[in-house]
$ cat upload_19.pdb   # PDB, C-alpha atoms
ATOM      1  CA  MET A   1       0.000   0.000   0.000
ATOM      2  CA  THR A   2       1.445   3.395  -0.954
ATOM      3  CA  MET A   3       1.585   6.231   1.548
ATOM      4  CA  LYS A   4      -1.046   8.113  -0.492
ATOM      5  CA  THR A   5      -3.407   5.132  -0.464
ATOM      6  CA  TYR A   6      -2.822   4.601   3.238
ATOM      7  CA  LEU A   7      -3.614   8.229   4.022
ATOM      8  CA  MET A   8      -6.784   8.122   1.899
ATOM      9  CA  THR A   9      -7.901   4.939   3.642
ATOM     10  CA  ALA A  10      -7.224   6.437   7.051
ATOM     11  CA  VAL A  11      -9.158   9.595   6.210
ATOM     12  CA  PHE A  12     -12.091   7.537   4.864
ATOM     13  CA  ALA A  13     -12.138   5.349   7.990
ATOM     14  CA  ALA A  14     -12.048   8.411  10.211
ATOM     15  CA  ALA A  15     -14.947   9.887   8.289
ATOM     16  CA  LEU A  16     -16.942   6.697   8.685
ATOM     17  CA  SER A  17     -16.261   6.653  12.406
ATOM     18  CA  THR A  18     -17.880  10.075  12.771
ATOM     19  CA  ILE A  19     -21.030   9.337  10.742
ATOM     20  CA  ALA A  20     -22.860   7.085  13.183
ATOM     21  CA  PRO A  21     -22.235   9.297  16.245
ATOM     22  CA  ALA A  22     -23.309  12.370  14.263
ATOM     23  CA  GLU A  23     -26.540  10.678  13.246
ATOM     24  CA  ALA A  24     -27.157   9.559  16.821
ATOM     25  CA  ALA A  25     -26.412  13.047  18.125
ATOM     26  CA  GLU A  26     -28.830  14.461  15.565
ATOM     27  CA  CYS A  27     -31.574  12.464  17.235
ATOM     28  CA  GLY A  28     -30.120  12.440  20.735
ATOM     29  CA  LYS A  29     -32.458  12.407  23.706
ATOM     30  CA  VAL A  30     -36.170  12.283  22.877
ATOM     31  CA  SER A  31     -39.216  12.491  25.135
ATOM     32  CA  ILE A  32     -42.480  10.954  23.894
ATOM     33  CA  ALA A  33     -45.864  11.528  25.528
ATOM     34  CA  GLU A  34     -47.813   8.345  26.269
ATOM     35  CA  MET A  35     -51.487   9.318  26.308
ATOM     36  CA  LYS A  36     -53.954   7.556  28.586
ATOM     37  CA  TRP A  37     -55.925   5.644  25.929
ATOM     38  CA  ALA A  38     -54.662   2.343  24.582
ATOM     39  CA  SER A  39     -54.143   3.116  20.884
ATOM     40  CA  ALA A  40     -52.024   6.161  21.760
ATOM     41  CA  GLY A  41     -50.084   4.177  24.356
ATOM     42  CA  ILE A  42     -49.228   1.522  21.797
ATOM     43  CA  ALA A  43     -48.205   4.183  19.269
ATOM     44  CA  ALA A  44     -45.865   5.850  21.788
ATOM     45  CA  ASN A  45     -44.169   2.549  22.630
ATOM     46  CA  PHE A  46     -43.955   1.555  18.981
ATOM     47  CA  ASP A  47     -42.245   4.865  18.172
ATOM     48  CA  ARG A  48     -39.883   4.408  21.118
ATOM     49  CA  ILE A  49     -38.722   1.036  19.796
ATOM     50  CA  ILE A  50     -38.260   2.345  16.256
ATOM     51  CA  LEU A  51     -36.354   5.419  17.424
ATOM     52  CA  GLU A  52     -34.131   3.542  19.893
ATOM     53  CA  LYS A  53     -33.382   0.381  17.957
ATOM     54  CA  GLY A  54     -33.550   1.771  14.432
ATOM     55  CA  TYR A  55     -32.220   5.309  14.745
ATOM     56  CA  GLY A  56     -30.064   5.169  17.874
ATOM     57  CA  CYS A  57     -32.072   7.725  19.871
ATOM     58  CA  SER A  58     -32.273   7.757  23.666
ATOM     59  CA  VAL A  59     -36.013   7.801  24.395
ATOM     60  CA  THR A  60     -37.940   8.617  27.557
ATOM     61  CA  ILE A  61     -41.671   7.926  27.803
ATOM     62  CA  VAL A  62     -43.599  10.517  29.827
ATOM     63  CA  ASP A  63     -47.237  10.611  30.916
ATOM     64  CA  GLY A  64     -49.488  12.589  28.611
ATOM     65  CA  ASP A  65     -53.031  13.875  28.345
ATOM     66  CA  THR A  66     -54.769  15.961  25.727
ATOM     67  CA  LEU A  67     -54.749  19.554  26.988
ATOM     68  CA  PRO A  68     -51.756  19.456  29.393
ATOM     69  CA  THR A  69     -49.501  17.853  26.771
ATOM     70  CA  PHE A  70     -50.448  20.407  24.128
ATOM     71  CA  ALA A  71     -49.867  23.300  26.516
ATOM     72  CA  SER A  72     -46.484  21.945  27.586
ATOM     73  CA  MET A  73     -45.293  21.293  24.024
ATOM     74  CA  ASN A  74     -46.541  24.679  22.853
ATOM     75  CA  GLU A  75     -45.283  26.787  25.755
ATOM     76  CA  LYS A  76     -42.290  24.854  27.139
ATOM     77  CA  GLY A  77     -41.100  22.842  24.138
ATOM     78  CA  THR A  78     -41.458  19.528  25.944
ATOM     79  CA  PRO A  79     -42.141  16.653  25.474
ATOM     80  CA  ASP A  80     -40.629  16.409  21.990
ATOM     81  CA  VAL A  81     -43.295  14.146  20.476
ATOM     82  CA  ALA A  82     -46.946  13.203  20.985
ATOM     83  CA  SER A  83     -47.394  10.103  18.834
ATOM     84  CA  GLU A  84     -51.214  10.090  18.690
ATOM     85  CA  TYR A  85     -52.786  13.441  19.428
ATOM     86  CA  TRP A  86     -56.514  13.993  18.834
ATOM     87  CA  ILE A  87     -56.598  17.536  17.509
ATOM     88  CA  ASN A  88     -60.305  18.421  17.367
ATOM     89  CA  SER A  89     -60.299  20.033  20.805
ATOM     90  CA  VAL A  90     -57.329  22.318  19.996
ATOM     91  CA  ARG A  91     -57.683  22.815  16.236
ATOM     92  CA  ALA A  92     -57.494  26.644  16.274
ATOM     93  CA  LEU A  93     -54.661  26.730  18.829
ATOM     94  CA  LEU A  94     -52.732  24.080  16.911
ATOM     95  CA  ASP A  95     -53.014  26.048  13.676
ATOM     96  CA  GLN A  96     -51.590  29.068  15.481
ATOM     97  CA  ALA A  97     -48.740  27.020  16.961
ATOM     98  CA  VAL A  98     -47.854  25.501  13.574
ATOM     99  CA  ASN A  99     -48.060  28.853  11.766
ATOM    100  CA  SER A 100     -45.877  30.523  14.389
ATOM    101  CA  GLY A 101     -43.287  27.748  14.125
ATOM    102  CA  ARG A 102     -43.570  26.344  17.650
ATOM    103  CA  LEU A 103     -45.025  22.964  16.649
ATOM    104  CA  VAL A 104     -44.813  20.671  13.622
ATOM    105  CA  GLN A 105     -47.678  18.424  12.516
ATOM    106  CA  GLY A 106     -46.555  14.947  11.501
ATOM    107  CA  ALA A 107     -48.467  12.041   9.978
ATOM    108  CA  GLU A 108     -52.172  11.515  10.512
ATOM    109  CA  ILE A 109     -51.455   8.367  12.501
ATOM    110  CA  LEU A 110     -55.112   7.236  12.505
ATOM    111  CA  ALA A 111     -55.510   7.188   8.747
ATOM    112  CA  ASP A 112     -59.295   6.694   8.944
ATOM    113  CA  GLY A 113     -59.760   9.157  11.763
ATOM    114  CA  ALA A 114     -61.391   8.190  15.022
ATOM    115  CA  VAL A 115     -64.953   7.291  14.083
ATOM    116  CA  GLU A 116     -68.209   7.131  16.035
ATOM    117  CA  GLY A 117     -71.562   5.799  14.980
ATOM    118  CA  TRP A 118     -74.270   3.172  15.303
ATOM    119  CA  TRP A 119     -73.151  -0.360  14.471
ATOM    120  CA  ILE A 120     -74.672  -3.781  13.852
ATOM    121  CA  PRO A 121     -73.020  -7.231  13.703
ATOM    122  CA  LYS A 122     -71.615  -8.023  10.279
ATOM    123  CA  PHE A 123     -73.483 -11.335  10.275
ATOM    124  CA  ILE A 124     -76.733  -9.342  10.406
ATOM    125  CA  ALA A 125     -75.568  -6.981   7.650
ATOM    126  CA  ASP A 126     -74.563  -9.950   5.467
ATOM    127  CA  ALA A 127     -77.883 -11.720   6.016
ATOM    128  CA  HIS A 128     -79.892  -8.547   5.368
ATOM    129  CA  PRO A 129     -78.246  -6.578   2.543
ATOM    130  CA  ASP A 130     -81.161  -4.132   2.566
ATOM    131  CA  ILE A 131     -79.904  -2.747   5.903
ATOM    132  CA  ARG A 132     -77.250  -0.168   5.136
ATOM    133  CA  SER A 133     -78.503   2.857   7.063
ATOM    134  CA  VAL A 134     -79.775   3.492  10.571
ATOM    135  CA  GLU A 135     -83.252   4.117   9.186
ATOM    136  CA  ASP A 136     -83.107   0.756   7.370
ATOM    137  CA  ALA A 137     -82.322  -0.945  10.683
ATOM    138  CA  LEU A 138     -85.199   0.819  12.432
ATOM    139  CA  LYS A 139     -87.609  -0.910  10.047
ATOM    140  CA  HIS A 140     -86.673  -4.222  11.682
ATOM    141  CA  PRO A 141     -87.107  -4.148  15.475
ATOM    142  CA  GLU A 142     -87.427  -7.947  15.394
ATOM    143  CA  LEU A 143     -83.768  -8.238  14.345
ATOM    144  CA  PHE A 144     -82.475  -6.214  17.316
ATOM    145  CA  PRO A 145     -84.535  -7.442  20.285
ATOM    146  CA  ALA A 146     -84.330  -5.711  23.646
ATOM    147  CA  GLU A 147     -83.094  -8.030  26.380
ATOM    148  CA  ASP A 148     -85.947  -7.140  28.744
ATOM    149  CA  ASP A 149     -88.723  -7.113  26.108
ATOM    150  CA  ALA A 150     -88.131  -9.071  22.897
ATOM    151  CA  SER A 151     -91.246  -7.535  21.357
ATOM    152  CA  LYS A 152     -89.287  -4.292  21.021
ATOM    153  CA  GLY A 153     -86.051  -3.413  19.333
ATOM    154  CA  ALA A 154     -83.176  -1.881  21.290
ATOM    155  CA  VAL A 155     -80.673   0.869  20.583
ATOM    156  CA  TYR A 156     -77.815   0.742  23.094
ATOM    157  CA  ASN A 157     -76.656   4.141  24.276
ATOM    158  CA  CYS A 158     -73.204   5.495  25.047
ATOM    159  CA  PRO A 159     -72.074   5.089  28.703
ATOM    160  CA  ALA A 160     -73.481   7.451  31.321
ATOM    161  CA  ASP A 161     -71.894  10.893  31.693
ATOM    162  CA  TRP A 162     -70.079  10.680  28.358
ATOM    163  CA  SER A 163     -70.844  13.424  25.833
ATOM    164  CA  CYS A 164     -71.882  10.791  23.298
ATOM    165  CA  GLN A 165     -74.747   9.787  25.586
ATOM    166  CA  ILE A 166     -76.315  13.180  24.859
ATOM    167  CA  SER A 167     -75.794  13.019  21.103
ATOM    168  CA  THR A 168     -77.046   9.434  20.860
ATOM    169  CA  THR A 169     -80.156  10.346  22.859
ATOM    170  CA  ASN A 170     -80.841  13.283  20.543
ATOM    171  CA  LEU A 171     -80.339  11.194  17.420
ATOM    172  CA  PHE A 172     -82.723   8.552  18.779
ATOM    173  CA  LYS A 173     -85.256  11.362  19.223
ATOM    174  CA  ALA A 174     -84.566  12.845  15.767
ATOM    175  CA  LEU A 175     -85.207   9.438  14.210
ATOM    176  CA  ALA A 176     -88.457   9.024  16.195
ATOM    177  CA  ALA A 177     -87.145   5.531  16.958
ATOM    178  CA  ASP A 178     -89.577   5.118  19.858
ATOM    179  CA  LYS A 179     -92.454   5.270  17.371
ATOM    180  CA  LYS A 180     -90.832   2.461  15.391
ATOM    181  CA  ASP A 181     -90.994   0.013  18.320
ATOM    182  CA  PHE A 182     -87.481   0.710  19.615
ATOM    183  CA  GLU A 183     -86.342   1.636  23.086
ATOM    184  CA  LEU A 184     -83.130   3.411  24.058
ATOM    185  CA  VAL A 185     -81.157   1.252  26.478
ATOM    186  CA  GLU A 186     -78.939   3.134  28.919
ATOM    187  CA  THR A 187     -75.815   1.054  29.471
ATOM    188  CA  GLY A 188     -74.467   2.871  32.525
ATOM    189  CA  SER A 189     -70.804   2.074  31.958
ATOM    190  CA  PRO A 190     -68.342   1.046  29.220
ATOM    191  CA  GLU A 191     -68.245  -2.452  30.723
ATOM    192  CA  GLN A 192     -72.012  -2.830  30.450
ATOM    193  CA  LEU A 193     -71.999  -1.598  26.858
ATOM    194  CA  ASP A 194     -69.231  -4.074  25.976
ATOM    195  CA  ALA A 195     -71.086  -6.877  27.742
ATOM    196  CA  SER A 196     -74.229  -6.229  25.677
ATOM    197  CA  ILE A 197     -72.212  -6.648  22.479
ATOM    198  CA  ALA A 198     -70.540  -9.817  23.754
ATOM    199  CA  ARG A 199     -73.902 -11.367  24.649
ATOM    200  CA  ALA A 200     -75.345 -10.567  21.237
ATOM    201  CA  PHE A 201     -72.423 -12.225  19.448
ATOM    202  CA  ASP A 202     -72.397 -15.206  21.805
ATOM    203  CA  ASN A 203     -76.098 -15.763  21.153
ATOM    204  CA  LYS A 204     -75.955 -14.856  17.449
ATOM    205  CA  VAL A 205     -78.663 -12.214  17.772
ATOM    206  CA  GLY A 206     -78.814  -8.712  16.408
ATOM    207  CA  TRP A 207     -77.399  -5.705  18.248
ATOM    208  CA  LEU A 208     -77.787  -2.008  17.349
ATOM    209  CA  GLY A 209     -76.110   0.825  19.182
ATOM    210  CA  TYR A 210     -73.384   3.381  19.672
ATOM    211  CA  TYR A 211     -69.688   2.534  19.517
ATOM    212  CA  TRP A 212     -66.424   4.046  18.338
ATOM    213  CA  ALA A 213     -63.091   3.098  16.770
ATOM    214  CA  PRO A 214     -60.257   2.373  17.222
ATOM    215  CA  THR A 215     -61.126   0.017  20.071
ATOM    216  CA  ALA A 216     -60.448  -3.536  21.175
ATOM    217  CA  VAL A 217     -64.146  -4.446  20.970
ATOM    218  CA  LEU A 218     -64.372  -3.640  17.275
ATOM    219  CA  GLY A 219     -61.195  -5.645  16.751
ATOM    220  CA  LYS A 220     -62.722  -8.641  18.484
ATOM    221  CA  TYR A 221     -66.256  -8.451  17.052
ATOM    222  CA  ASP A 222     -66.873  -8.009  13.333
ATOM    223  CA  THR A 223     -69.328  -5.139  13.001
ATOM    224  CA  THR A 224     -70.701  -2.821  10.315
ATOM    225  CA  ARG A 225     -71.181   0.909  10.814
ATOM    226  CA  LEU A 226     -74.483   2.223   9.479
ATOM    227  CA  SER A 227     -74.977   5.467   7.600
ATOM    228  CA  PHE A 228     -77.236   8.199   8.935
ATOM    229  CA  GLY A 229     -77.927   9.279   5.363
ATOM    230  CA  VAL A 230     -76.646  12.819   5.963
ATOM    231  CA  GLY A 231     -73.265  14.437   6.453
ATOM    232  CA  HIS A 232     -71.966  15.975   9.649
ATOM    233  CA  ASP A 233     -73.527  19.402  10.220
ATOM    234  CA  LYS A 234     -71.265  21.100  12.774
ATOM    235  CA  SER A 235     -73.553  24.080  13.373
ATOM    236  CA  GLU A 236     -76.519  21.758  14.076
ATOM    237  CA  TRP A 237     -74.281  19.569  16.207
ATOM    238  CA  ASP A 238     -73.230  22.535  18.363
ATOM    239  CA  ARG A 239     -76.757  24.008  18.426
ATOM    240  CA  CYS A 240     -78.633  20.865  19.352
ATOM    241  CA  THR A 241     -77.204  17.381  18.688
ATOM    242  CA  ALA A 242     -74.613  17.705  21.466
ATOM    243  CA  VAL A 243     -76.868  19.702  23.818
ATOM    244  CA  ALA A 244     -78.703  17.865  26.600
ATOM    245  CA  GLY A 245     -82.466  18.297  26.500
ATOM    246  CA  CYS A 246     -82.583  19.886  23.047
ATOM    247  CA  ASN A 247     -86.237  19.985  21.999
ATOM    248  CA  ARG A 248     -86.028  19.582  18.235
ATOM    249  CA  PRO A 249     -82.939  17.594  17.246
ATOM    250  CA  GLN A 250     -82.376  17.017  13.560
ATOM    251  CA  LEU A 251     -80.823  14.000  11.890
ATOM    252  CA  ASN A 252     -77.036  14.351  11.887
ATOM    253  CA  SER A 253     -73.848  12.286  11.631
ATOM    254  CA  TYR A 254     -71.123  12.039  14.224
ATOM    255  CA  PRO A 255     -67.968  14.050  13.503
ATOM    256  CA  VAL A 256     -64.743  12.274  12.604
ATOM    257  CA  SER A 257     -62.044  13.026  15.175
ATOM    258  CA  ARG A 258     -58.610  13.411  13.613
ATOM    259  CA  ALA A 259     -55.424  12.230  15.296
ATOM    260  CA  PHE A 260     -51.956  13.401  14.214
ATOM    261  CA  THR A 261     -48.411  13.118  15.472
ATOM    262  CA  LEU A 262     -47.167  16.389  16.957
ATOM    263  CA  MET A 263     -43.538  17.440  17.310
ATOM    264  CA  THR A 264     -41.864  20.488  18.762
ATOM    265  CA  ARG A 265     -40.103  22.616  16.164
ATOM    266  CA  SER A 266     -36.754  22.293  17.932
ATOM    267  CA  PHE A 267     -36.942  18.492  17.784
ATOM    268  CA  ALA A 268     -38.245  18.292  14.212
ATOM    269  CA  SER A 269     -35.493  20.633  13.023
ATOM    270  CA  ARG A 270     -32.666  18.500  14.428
ATOM    271  CA  ALA A 271     -34.061  14.976  14.071
ATOM    272  CA  GLY A 272     -33.580  14.599  10.304
ATOM    273  CA  PRO A 273     -34.565  11.042   9.244
ATOM    274  CA  VAL A 274     -36.630  10.565  12.407
ATOM    275  CA  THR A 275     -38.759  13.566  11.473
ATOM    276  CA  THR A 276     -39.313  11.996   8.047
ATOM    277  CA  TYR A 277     -40.427   8.765   9.720
ATOM    278  CA  LEU A 278     -42.850  10.605  12.027
ATOM    279  CA  LYS A 279     -44.330  12.376   9.018
ATOM    280  CA  THR A 280     -44.823   9.053   7.209
ATOM    281  CA  ARG A 281     -46.108   6.255   9.450
ATOM    282  CA  LYS A 282     -49.841   5.728   9.916
ATOM    283  CA  TRP A 283     -52.234   2.806  10.373
ATOM    284  CA  ASP A 284     -55.883   2.153   9.643
ATOM    285  CA  ASN A 285     -58.526   1.412  12.266
ATOM    286  CA  GLY A 286     -58.813  -2.218  11.171
ATOM    287  CA  THR A 287     -55.140  -2.804  12.003
ATOM    288  CA  ILE A 288     -55.050  -1.026  15.349
ATOM    289  CA  ASN A 289     -58.397  -2.618  16.326
ATOM    290  CA  GLN A 290     -56.796  -6.055  15.856
ATOM    291  CA  VAL A 291     -53.779  -5.090  17.948
ATOM    292  CA  LEU A 292     -56.034  -3.652  20.661
ATOM    293  CA  ALA A 293     -58.108  -6.839  20.657
ATOM    294  CA  TRP A 294     -54.942  -8.948  21.109
ATOM    295  CA  GLN A 295     -53.822  -6.671  23.942
ATOM    296  CA  ASP A 296     -57.205  -6.857  25.670
ATOM    297  CA  GLU A 297     -57.593 -10.623  25.349
ATOM    298  CA  ASN A 298     -54.085 -11.276  26.642
ATOM    299  CA  ARG A 299     -54.048  -8.424  29.174
ATOM    300  CA  GLU A 300     -50.715  -7.189  27.910
ATOM    301  CA  SER A 301     -49.002  -3.823  28.322
ATOM    302  CA  ASN A 302     -48.731  -1.114  25.681
ATOM    303  CA  GLU A 303     -45.084  -2.081  25.164
ATOM    304  CA  ASP A 304     -45.989  -5.739  24.631
ATOM    305  CA  ALA A 305     -48.712  -4.717  22.169
ATOM    306  CA  ALA A 306     -46.190  -2.604  20.257
ATOM    307  CA  ILE A 307     -43.824  -5.590  20.036
ATOM    308  CA  TYR A 308     -46.748  -7.774  18.905
ATOM    309  CA  PHE A 309     -47.415  -5.274  16.115
ATOM    310  CA  LEU A 310     -43.770  -5.264  15.063
ATOM    311  CA  ARG A 311     -43.642  -9.059  14.921
ATOM    312  CA  ASN A 312     -46.927  -9.561  13.092
ATOM    313  CA  TYR A 313     -47.296  -6.597  10.734
ATOM    314  CA  GLU A 314     -43.899  -6.367   9.047
ATOM    315  CA  GLY A 315     -45.549  -5.822   5.685
ATOM    316  CA  LEU A 316     -46.909  -2.541   6.969
ATOM    317  CA  TRP A 317     -44.323  -0.957   9.242
ATOM    318  CA  MET A 318     -41.249  -1.875   7.173
ATOM    319  CA  LYS A 319     -42.560   0.477   4.468
ATOM    320  CA  TRP A 320     -42.197   3.394   6.874
ATOM    321  CA  VAL A 321     -38.431   3.165   7.395
ATOM    322  CA  PRO A 322     -35.287   2.551   5.300
ATOM    323  CA  VAL A 323     -34.155  -1.070   4.925
ATOM    324  CA  ASP A 324     -31.197  -0.700   7.275
ATOM    325  CA  VAL A 325     -33.394   0.767  10.000
ATOM    326  CA  ALA A 326     -35.943  -2.022   9.566
ATOM    327  CA  GLU A 327     -33.237  -4.670   9.872
ATOM    328  CA  LYS A 328     -31.924  -3.147  13.110
ATOM    329  CA  VAL A 329     -35.400  -3.124  14.598
ATOM    330  CA  LYS A 330     -36.076  -6.712  13.516
ATOM    331  CA  ALA A 331     -32.771  -7.863  14.996
ATOM    332  CA  SER A 332     -33.695  -6.268  18.351
ATOM    333  CA  LEU A 333     -36.872  -8.310  18.630
TER     334      LEU A 333
END

$ encode --input "upload_19.pdb" --output "structure tokens"
Amino acid sequence: MTMKTYLMTAVFAAALSTIAPAEAAECGKVSIAEMKWASAGIAANFDRIILEKGYGCSVTIVDGDTLPTFASMNEKGTPDVASEYWINSVRALLDQAVNSGRLVQGAEILADGAVEGWWIPKFIADAHPDIRSVEDALKHPELFPAEDDASKGAVYNCPADWSCQISTTNLFKALAADKKDFELVETGSPEQLDASIARAFDNKVGWLGYYWAPTAVLGKYDTTRLSFGVGHDKSEWDRCTAVAGCNRPQLNSYPVSRAFTLMTRSFASRAGPVTTYLKTRKWDNGTINQVLAWQDENRESNEDAAIYFLRNYEGLWMKWVPVDVAEKVKASL
């Protein structure tokens, strides 16, 4: 080897030795908010694994909740990331924060949005193709018998003291469902609502009522969401649909809640490839429902559910990262 070749090789090796640390430093320490609901908790732990094992970041998971996390990120610049943030409650403030350069909006992690509505078992929808809307279902009280009076149909309401209990009550009234031989069943709690669905599927009988996604229940039980036949009218929703005791509710559809990844500007500006990843990855409700169902049935943690996703959905998540990053993550499992 000539002296010139030796020097070139030494310089090249020295350059290589500085690349990995520079990339790691670019990411450095990262704090991720773990929100209190399961889908967001899984997303936070999934991102932690990707960032640590794939990109060499040092990640800390911190407790998060909707309004406190937004305020802290916006005013204090911490935590760095909120993996699944439902933005409807802070839409105007978020727009201001993004426009002023304090926050960066990443991928819409829930690609379908968070959806609410009235659902029926898929086996009922398959057996009765004429039922595609709520009003279609209300023509058949015999298919959705009330547990206490099989001569009447039942619509199961949202749990007590939840805002959706008010809107579901008003929609029941707008549809004049009581005049179509239906009664509104107050479930009292999320557990009671879930139990009513489980009983219907166990007994292979019809069920009609309020539910939302993404959730473990809709991952476990195959259901079909019915159309209300109209779009979401926000002004009517605010005027009456969401107002307790409203006298003349009109037919309306539930709004779609949108969930994005949020980053502080300081983090997004220095994180390079990680920022690209957080602006790319997203999953549909069908996928996260299945993961939530596995977590619920096995009573596993958010971290375990994230690992389950990584091991069983390679065809999806490996599209979100470069090949070398994917291989590092796979090797860590």

$ resolve_selection --input "upload_19.pdb" --expression "the PyMOL selection byres ((chain A and resi 219-221) around 8)" --output "list in words"
Pro121, Phe201, Thr215, Ala216, Val217, Leu218, Asp222, Thr223, Gly286, Ile288, Asn289, Gln290, Val291, Leu292 and Ala293 of chain A

$ write_last_selection --input "upload_19.pdb" --atoms "C-alpha atoms" --output "PDB file, keeping the file's coordinate frame"
ATOM      1  CA  PRO A 121     -73.020  -7.231  13.703  1.00  0.00           C
ATOM      2  CA  PHE A 201     -72.423 -12.225  19.448  1.00  0.00           C
ATOM      3  CA  THR A 215     -61.126   0.017  20.071  1.00  0.00           C
ATOM      4  CA  ALA A 216     -60.448  -3.536  21.175  1.00  0.00           C
ATOM      5  CA  VAL A 217     -64.146  -4.446  20.970  1.00  0.00           C
ATOM      6  CA  LEU A 218     -64.372  -3.640  17.275  1.00  0.00           C
ATOM      7  CA  ASP A 222     -66.873  -8.009  13.333  1.00  0.00           C
ATOM      8  CA  THR A 223     -69.328  -5.139  13.001  1.00  0.00           C
ATOM      9  CA  GLY A 286     -58.813  -2.218  11.171  1.00  0.00           C
ATOM     10  CA  ILE A 288     -55.050  -1.026  15.349  1.00  0.00           C
ATOM     11  CA  ASN A 289     -58.397  -2.618  16.326  1.00  0.00           C
ATOM     12  CA  GLN A 290     -56.796  -6.055  15.856  1.00  0.00           C
ATOM     13  CA  VAL A 291     -53.779  -5.090  17.948  1.00  0.00           C
ATOM     14  CA  LEU A 292     -56.034  -3.652  20.661  1.00  0.00           C
ATOM     15  CA  ALA A 293     -58.108  -6.839  20.657  1.00  0.00           C
TER      16      ALA A 293
END

$ closest_residue --input "upload_19.pdb" --among "A:Gln192, A:Cys164, A:Leu208, A:Cys240" --to "A:Ile131" --atoms "all atoms listed in the file"
A:Leu208

$ closest_residue --input "upload_19.pdb" --among "A:Gly206, A:Gly117, A:Pro190, A:Gly101" --to "A:Ala154" --atoms "all atoms listed in the file"
A:Gly206

$ resolve_selection --input "upload_19.pdb" --expression "the PyMOL selection byres ((chain A and resi 183) around 10)" --output "MDAnalysis selection string"
chainID A and resid 141 145:146 149 152:156 172 177:182 184:186

$ atom_distance --input "upload_19.pdb" --atom1 "atom CA of A:Leu110" --atom2 "atom CA of A:Leu67"
19.0 Å

$ resolve_selection --input "upload_19.pdb" --expression "the PyMOL selection byres ((chain A and resi 269) around 12)" --output "MDAnalysis selection string"
chainID A and resid 26:27 80 101:104 263:268 270:276

$ atom_distance --input "upload_19.pdb" --atom1 "atom CA of A:Tyr85" --atom2 "atom CA of A:Lys282"
12.6 Å

$ closest_residue --input "upload_19.pdb" --among "A:Ser89, A:Asn203, A:Ser196, A:Ser189" --to "A:Phe70" --atoms "only C-alpha atoms"
A:Ser89

$ atom_distance --input "upload_19.pdb" --atom1 "atom CA of A:Ala174" --atom2 "atom CA of A:Asp136"
14.8 Å

$ axis_aligned_box --input "upload_19.pdb" --around "stretch 231-241 of chain A" --padding-each-side "6 Å" --output "JSON"
{"center_x": -74.9, "center_y": 19.3, "center_z": 12.9, "size_x": 19.4, "size_y": 21.6, "size_z": 24.9}

$ closest_residue --input "upload_19.pdb" --among "A:Lys53, A:Lys234, A:Lys122, A:Lys76" --to "A:Val256" --atoms "all atoms listed in the file"
A:Lys234

$ residues_around --input "upload_19.pdb" --residues "A:Arg91" --least-positions-apart "6" --cutoff "12 Å" --atoms "all atoms listed in the file" --output "PyMOL selection string"
chain A and resi 67+70+85+97-98+105+257-260

$ closest_residue --input "upload_19.pdb" --among "A:Gly28, A:Gly77, A:Pro129, A:Gly209" --to "A:Thr187" --atoms "all atoms listed in the file"
A:Gly209

$ closest_residue --input "upload_19.pdb" --among "A:Thr168, A:Cys57, A:Ala125, A:Asp63" --to "A:Val205" --atoms "only C-alpha atoms"
A:Ala125

$ residues_around --input "upload_19.pdb" --residues "A:Ala137" --least-positions-apart "5" --cutoff "9 Å" --atoms "only C-alpha atoms" --output "count of residues only"
8

$ residues_around --input "upload_19.pdb" --residues "A:Ser167" --least-positions-apart "5" --cutoff "12 Å" --atoms "only C-alpha atoms" --output "JSON, numbers by chain"
{"A": [116, 117, 118, 157, 158, 159, 160, 161, 162, 172, 173, 174, 210, 236, 237, 238, 239, 240, 241, 242, 243, 244, 245, 246, 249, 250, 251, 252, 253, 254, 255]}

$ residues_near_point --input "upload_19.pdb" --point "(-45.0, 13.5, 6.1)" --cutoff "9 Å" --atoms "all atoms listed in the file" --output "list in words"
Gln105, Gly106, Ala107, Glu108, Thr275, Thr276, Tyr277, Leu278, Lys279, Thr280 and Arg281 of chain A

$ write_last_selection --input "upload_19.pdb" --atoms "C-alpha atoms" --output "PDB file, in the frame of the given file"
ATOM      1  CA  GLN A 105     -47.678  18.424  12.516  1.00  0.00           C
ATOM      2  CA  GLY A 106     -46.555  14.947  11.501  1.00  0.00           C
ATOM      3  CA  ALA A 107     -48.467  12.041   9.978  1.00  0.00           C
ATOM      4  CA  GLU A 108     -52.172  11.515  10.512  1.00  0.00           C
ATOM      5  CA  THR A 275     -38.759  13.566  11.473  1.00  0.00           C
ATOM      6  CA  THR A 276     -39.313  11.996   8.047  1.00  0.00           C
ATOM      7  CA  TYR A 277     -40.427   8.765   9.720  1.00  0.00           C
ATOM      8  CA  LEU A 278     -42.850  10.605  12.027  1.00  0.00           C
ATOM      9  CA  LYS A 279     -44.330  12.376   9.018  1.00  0.00           C
ATOM     10  CA  THR A 280     -44.823   9.053   7.209  1.00  0.00           C
ATOM     11  CA  ARG A 281     -46.108   6.255   9.450  1.00  0.00           C
TER      12      ARG A 281
END
